[in-house]
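Note sheet for the following structure.
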Amino acid sequence: MSVNFDPRGEIFVGGQWIDITSKIQLDGGNGITVNRGTTGISSSVDPTVCMFMLDNTSGDFSPDNPYGPWYGQIGYNTPFRYSQPGFETVLLLDGSAGSYASTPHASAVNITGDLDIRIELDADLASSSKQRILAQKWSSTASEQAWQWSVTGDGQVAFTWVNAAGTSHTSTAELARLPGRALRFTLDVDNGNGTYTVAFSSADNIDGPWNVGFTGDGTTTTSIRSTSSSAVSVGGDDTADGFSSQPGRIRWFLLLSGIDGTPALDTPFLEQIAGVPSFTDTTGRTWTLAGSAALDDRDYRFNGTVPNWPVQWNVDWVWASVSAGGTLRQLAQGQRPVKSALAQRVPRFRPLAYWPCEDRPNSSRASSPVPGVLPMTAGGLTFGADTSLVSSDALPVLGSTSQLSGAVPYSSTSVWSVWWMYHVETLTSTYRTIMSISTTGTIAQWNVQMASTDPGTVQVLFRDSSGGTVFSGVIPTTKAQTYGGWFRAYLYAYQSGSDVAWNMSWAPVGGESLILGSDITISGQTLGRVTRVGSPPGGFSSDLSGMAMGHISVWDEINSGAYTATYGSTLAYAANAFDGELASSRILRLGIETATPLRTVGPPQDDQLVGYQTRNTVLGEMQTAEKADDGLLIDDRLLPCLVYLNKSQLYNREPTVLSYGMLQPGLTPTRDESRWANAFVASRDGGSSGSYELDDGSAMSTTVLGYYESSDTYSLHTDDQADQRASWEVAKGTVDAPRYPAVTIEMAKWPDYLEDVQALDVGSRMAITDAPAGKTPPGTLDLLVRGYTERASKQTYSFTFNCLPYAPWEIGVLDDDVLGRADTSGSELAADIDASDTSFTVTVTAGPLWITSALNLGEFPFDITCGGEVMTVTGLSGTSSPQTFFVTRGTNGVTKSHPAGTAITLTYPMIAGL
């Protein structure tokens with residue numbers, strides 16, 4: 001293979017990428033350097049940095065130079081990317097209007113029945129506040145609109161289709177339930193039960209296997225409208241709604257007629273020629289690129305921004321040092337705070353009005369984050385007095401004479417609901433109004449009242465504009481259902497013919513929701529719009545002194561899901577500060593809510609459940625979830641965003657195999673005492689702790705090595721998780737193997753391995769074979785990449801990897817021939833053996849006997865370790881201790897004598913993952 005080093009640096013100005021490679025110093029030992037991951041033993045990942053020297057003699061890169069070609073366009077945080085020639089082609093979409101790939105209408109793509117659509121891509125699906133199109137058969141002409149597949153601005157994947165009658169249907173699924181590089185949507189227009197079925201799925205690639213994230217049935221059968229001219233596009237525009245293409249790297253697109261049916265379109269962008277404006281796919285369909293869409297074969301090694309450009313120019317020769325950073329750097333510098341769980345979540349659902357009531361102690365009103373909504377007037381309350389609601393900042397407490405009143409903007413609606421949070425410990429026997437709702441309807445005032453009567457803690461009293469009672473009734477709720485802690489309550493009403501129907505619901509924070517049975521109808525009434533919410537006329541009763549309340553909102557729907565909708569987990573929602581949320585879901589949701597560019601990799605169902613969301617920075621809260629899950633939150637290389645790899649993505653990875661002879665001189669193993677931990681205490685933040693100690697007599701145990709105890713605190717959902725975490729930290733802290741801080745390979749010498757080495761990243765597994773005796777421990781070096789430095793010039797291209805032993809991440813797999821074996825609780829040689837013995841006896845000192853080959857022949861052979869020598873057990877006999885082992889010696893290249901009492905262990909024992 002010939003060497004083709006072609007480092008390229010580009011900046012994004014004026015709506016396009018500009019190649020500035022000619023201005024970067026790439027000769028004489030200089031070049032582009034990327035530091036990624038961590039260079040030490042830290043468990044947290046450092047922000048990625050890309051450094052180079054730039055020729056700025058002409059002042060092209062000085063923002064203050066009025067004669068510069070990019071004056072007024074170049075400045076703070078200018079996007080920059082560095083790439084090398086790659087090994088695959090992708091469809092590159094930048095999200096700009098008019099940029100997509102399309103194929104004309106044809107009968108084959110005019111699918112009106114069952115549909116199966118799939119796409120494989122690398123993309124940040126989280127941060128956009130606008131809807132982005134994945135693929136569509138759509139047009140600005142209504143009669144040519146068949147279907148549209150998109151990503152919404154609030155963390156959903158949506159599929160919209162128009163049936164034969166012209167009726168539009170939309171189904172959605174949460175991004176948090178759809179991890180992986182590939183997405184799939186299926187529509188069964190007639191499932192045989194008189195309805196249709198939709199399913200959203202995801203996978204690591206377009207071939208599957210597919211994990212269903214959401215499936216649901218409609219109320220009738222359906223169809224897809226037949227069109228006569230609209231094209232099918234990957235990406236695309238919808239000018240009526242202001243949608244444009246989902247930015248990203250599209251690898252493959254499939255459109256099937258029928259579920260798992262015949263391909264109408266089979267479009268592997270991976271197999272196309274880079275740079276061409278059109279091509280023919282495997283189904284014979286011609287595709288054309290529009291706008292800035294391009295078939296691109298570059299391997300993007302860094303995507304980030306340049307925070308500052310050089311100031312000086314127009315002297316003899318100006319070489320300026322430039323340091324670009326990724327999204328982690330920007331988040332760490334900005335220290336953007338996370339609002340409380342409720343205050344951050346509720347406005348995203350677009351209420352008519354919302355008052356968090358999280359104002360400072362000396363406030364005289366409650367402000368609203370909703371544009372156009374006036375602050376609530378307040379009197380007699382103590383703001384910032386109650387800090388006990390985990391999903392909120394401090395909330396106000398009522399005094400002996402308190403008033404609270406919020407005006408609601410105009411809306412024309414036949415349905416409304418009012419939601420609020422409250423906390424009251426004691427009540428009197430007299431019903432007192434805790435929420436009063438004023439409307440323009442025939443029921444002018446809707447009062448929700450509470451008393452200590454049990455059952456019967458809630459009463460409703462609805463009055464007309466003259467103060468006459470329209471409806472009243474005691475609801476047989478109990479204290480446990482309605483007060484004595486923090487509760488969420490809501491009341492909704494809607495017009496039902498000539499009547500008004502209503503209902504109420506309560507739920508303790510973290511508890512089950514209670515709703516009345518069927519909706520209650522009040523005959524002959526007209527529903528009006530809500531004009532005001534808060535205290536009743538004259539203010540709250542002094543009997544309610546000490547009650548805290550807040551997060552009052554008004555909606556034009558019954559249940560928006562703002563308080564109650566879970567995200568990626570059935571346990572977690574805003575009112576309980578998302579306690580019990582999956583770690584990946586926490587990170588992805590925060591990315592969506594704060595418009596932080598992000599993608600996640602790995603099935604979230606394998607994640608740790610994290611504890612309450614706290615008031616932290618965006619990055620700090622994401623890293624708290626990362627720490628709890630022991631995953632990796634790093635800068636993406638391909639895209640200008642973060643990528644989160646959950647812990648399952650580190651387990652049992654296929655290694656990239658390199659020979660010791662390929663490495664540059666200087667490979668030096670290091671044993672770090674600071675990494676040792678044979679006893680560990682893991683504490684749940686706000687809860688209990690769990691501990692674990694390795695005391696089995698092995699080399700790293702407390703009984704042999706002495707105590708190396710450590711501790712840490714984690715955001716966990718339950719106390720039981722702390723026990724598991726302590727055990728996992730000991731598993732990582734007792735690996736009897738060195739780390740390798742500098743594994744260096746120069747690609748000019750080994751160009752045939754360039755694709756494999758370029759694919760190595762933080763979290764990858766590397767295996768180094770054929771190390772000479774005495775240089776490293778015997779056998780293959782099995783390593784986890786924790787970071788690397790990449791150096792690129794025109795003449796050289798090298799990588800220096802920082803690696804830890806991979807052993808802890810090779811976890812047990814049930815029924816696996818190698819990883820499915822439980823280790824002995826205690827075994828040792830019964831007598832001395834010499835270097836040539838191929839059979840010997842072993843005494844079991846603890847736990848069950850070893851399996852025998854007579855009864856378990858299919859479980860042989862397997863490897864054991866004895867005094868640093870790996871042996872392959874080919875047979876084993878004996879129904880009592882000691883047992884006889886029959887072995888092949890020196891599997892790892894070590895053969896020596898061993899004294900009686902030497903410990904015998906499995907070489908690859910089953911390790912339980914976190």
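A note on labels: chains of the structure tokens are A, B, ... as shown, every chain counts residues from 1, and ligands are counted from 1 in their shown order.
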Exercise for the section: Mind listing the strand (DSSP E or B) residues of region 390-460 of chain A, per DSSP on the backbone, as a ChimeraX atom specification? Expected result: /A:395-407,415-424,432-439,445-450,458-460
Practice task
Fewer than 6 positions away in the same chain doesn't count, so skip those; otherwise give me all residues within 9 Å of Ser691 (chain A), counting only C-alpha atoms, as an NGL selection string.
Solution key: :A and (679-683 or 711 or 722-727)
Handout entry: Interatomic distance (Å, one decimal) between CA of Arg181 (chain A) and CA of Leu632 (chain A)
Key =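 Rounded to one decimal, the two atoms are 17.0 Å apart.
Relative to CA of Phe801 (chain A), CA of Tyr788 (chain A) is found at 4.2 Å.
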Handout entry: Shell of 12 Å around Glu673 (chain A), only C-alpha atoms, local chain residues under 6 positions omitted, as a VMD selection string
Key = chain A and resid 41 700 705 707 to 709 733 to 739
Can you pull out every residue within 7 Å of region 12-17 of chain A, counting only C-alpha atoms, but drop anything in the same chain fewer than 5 positions away, and send it as a short mmCIF file (atom, residue, chain, number, x, y, z; two decimals) with N, CA, C and O atoms, in the first residue's frame?
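Ended up saving to result13.cif:
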```
data_model
loop_
_atom_site.label_atom_id
_atom_site.label_comp_id
_atom_site.auth_asym_id
_atom_site.auth_seq_id
_atom_site.Cartn_x
_atom_site.Cartn_y
_atom_site.Cartn_z
N GLN A 73 -16.38 37.82 9.26
CA GLN A 73 -16.89 36.45 9.27
C GLN A 73 -16.08 35.53 10.18
O GLN A 73 -16.59 34.55 10.70
N ILE A 74 -14.80 35.87 10.34
CA ILE A 74 -13.94 35.06 11.20
C ILE A 74 -13.84 35.75 12.56
O ILE A 74 -13.81 36.97 12.64
N THR A 78 -14.70 30.07 15.64
CA THR A 78 -14.89 29.72 14.23
C THR A 78 -14.76 28.21 14.06
O THR A 78 -13.77 27.61 14.51
N PRO A 79 -15.72 27.54 13.44
CA PRO A 79 -15.62 26.09 13.24
C PRO A 79 -14.36 25.71 12.45
O PRO A 79 -14.02 26.36 11.45
N PHE A 80 -13.70 24.67 12.92
CA PHE A 80 -12.49 24.15 12.27
C PHE A 80 -12.54 22.63 12.29
O PHE A 80 -13.00 22.04 13.28
#
```
Practice task
Check the DSSP output for the backbone and give back, as a list of chain:residue names, the residues of region 285-448 of chain A in alpha helix (DSSP H).
Solution key: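 Across region 285-448 of chain A, those assigned alpha helix (DSSP H) are A:Thr327, A:Leu328, A:Arg329, A:Gln330, A:Leu331, A:Ala332, A:Gln333, A:Gly334, A:Ala341, A:Leu342, A:Ala343, A:Gln344, A:Arg345.
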Those residues with N, CA, C and O atoms, as a compact mmCIF listing (two decimals), in the first residue's frame please?
```
# COMPACT_ATOMS: atom_id res chain seq x y z
N THR A 327 -16.27 20.41 21.77
CA THR A 327 -17.45 20.84 22.54
C THR A 327 -17.19 20.77 24.04
O THR A 327 -17.69 21.61 24.80
N LEU A 328 -16.40 19.79 24.50
CA LEU A 328 -16.09 19.70 25.93
C LEU A 328 -15.39 20.96 26.43
O LEU A 328 -15.68 21.46 27.52
N ARG A 329 -14.46 21.47 25.64
CA ARG A 329 -13.75 22.70 26.05
C ARG A 329 -14.73 23.85 26.18
O ARG A 329 -14.70 24.60 27.16
N GLN A 330 -15.62 23.99 25.20
CA GLN A 330 -16.55 25.11 25.22
C GLN A 330 -17.50 25.01 26.41
O GLN A 330 -17.79 26.01 27.07
N LEU A 331 -17.99 23.80 26.70
CA LEU A 331 -18.88 23.63 27.85
C LEU A 331 -18.15 23.90 29.16
O LEU A 331 -18.71 24.49 30.09
N ALA A 332 -16.89 23.45 29.25
CA ALA A 332 -16.13 23.66 30.48
C ALA A 332 -15.82 25.13 30.70
O ALA A 332 -15.82 25.62 31.84
N GLN A 333 -15.58 25.88 29.60
CA GLN A 333 -15.28 27.30 29.73
C GLN A 333 -16.52 28.10 30.09
O GLN A 333 -16.49 28.99 30.92
N GLY A 334 -17.65 27.74 29.44
CA GLY A 334 -18.86 28.52 29.64
C GLY A 334 -19.52 28.27 30.98
O GLY A 334 -20.19 29.14 31.53
N ALA A 341 -35.03 20.81 37.61
CA ALA A 341 -35.62 19.85 36.67
C ALA A 341 -36.95 20.36 36.11
O ALA A 341 -37.21 20.27 34.91
N LEU A 342 -37.80 20.90 36.98
CA LEU A 342 -39.10 21.39 36.52
C LEU A 342 -38.97 22.68 35.71
O LEU A 342 -39.58 22.83 34.65
N ALA A 343 -38.18 23.62 36.20
CA ALA A 343 -38.05 24.90 35.51
C ALA A 343 -37.42 24.75 34.14
O ALA A 343 -37.68 25.54 33.23
N GLN A 344 -36.61 23.74 33.97
CA GLN A 344 -35.99 23.50 32.68
C GLN A 344 -36.91 22.72 31.75
O GLN A 344 -36.91 22.93 30.53
N ARG A 345 -37.70 21.84 32.32
CA ARG A 345 -38.53 20.93 31.52
C ARG A 345 -39.84 21.56 31.07
O ARG A 345 -40.23 21.45 29.90
```
Residues near region 147-149 of chain A, cut-off 6 Å, only C-alpha atoms, skip fewer than 2 positions along chain, as a tab-separated table (two decimals) with N, CA and C atoms, in the first residue's frame:
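Result file out-v8.tsv:
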```
chain	number	residue	atom	x	y	z
A	134	LEU	N	-35.07	13.40	7.89
A	134	LEU	CA	-34.21	12.26	7.57
A	134	LEU	C	-34.43	11.82	6.13
A	135	ALA	N	-35.68	11.63	5.76
A	135	ALA	CA	-36.04	11.22	4.40
A	135	ALA	C	-37.52	11.55	4.20
A	136	GLN	N	-37.93	11.65	2.93
A	136	GLN	CA	-39.33	11.97	2.68
A	136	GLN	C	-39.71	11.70	1.23
A	137	LYS	N	-40.99	11.49	1.03
A	137	LYS	CA	-41.62	11.58	-0.28
A	137	LYS	C	-42.69	12.65	-0.12
A	158	ALA	N	-40.02	11.31	14.42
A	158	ALA	CA	-41.42	11.38	13.98
A	158	ALA	C	-41.57	10.81	12.58
A	159	PHE	N	-42.70	10.16	12.34
A	159	PHE	CA	-43.05	9.73	10.98
A	159	PHE	C	-44.47	10.20	10.70
A	160	THR	N	-44.60	10.99	9.65
A	160	THR	CA	-45.90	11.51	9.23
A	160	THR	C	-46.27	10.91	7.89
A	161	TRP	N	-47.49	10.45	7.76
A	161	TRP	CA	-47.96	9.96	6.46
A	161	TRP	C	-49.37	10.48	6.22
```
Exercise for the section: For region 361-375 of chain A, list every protein, DNA or RNA residue within 12 Å, evaluated using only C-alpha atoms, and leave out those in the same chain fewer than 3 positions away; present the list as number ranges by chain. Expected result: A: 339, 343-358, 378-387, 393-397, 402-410, 531-534, 549-554
Handout entry: Among listed residues A:Thr566, A:Ser560, A:Ser292, A:Thr872, nearest Glu174 (chain A) (using only C-alpha atoms)
Key = A:Thr566
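Pairwise distance (CA of Thr600 (chain A), CA of Gly687 (chain A)) equals 28.5 Å.
Using only C-alpha atoms, the nearest neighbour of Val458 (chain A) within the list A:Lys479, A:Arg615, A:His105, A:Arg36 is A:Lys479.
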Handout entry: For Thr796 (chain A), the nearest of the candidates A:Thr594, A:Ser391, A:Thr33, A:Ser701, counting only C-alpha atoms
Key =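 Closest candidate: A:Thr33.
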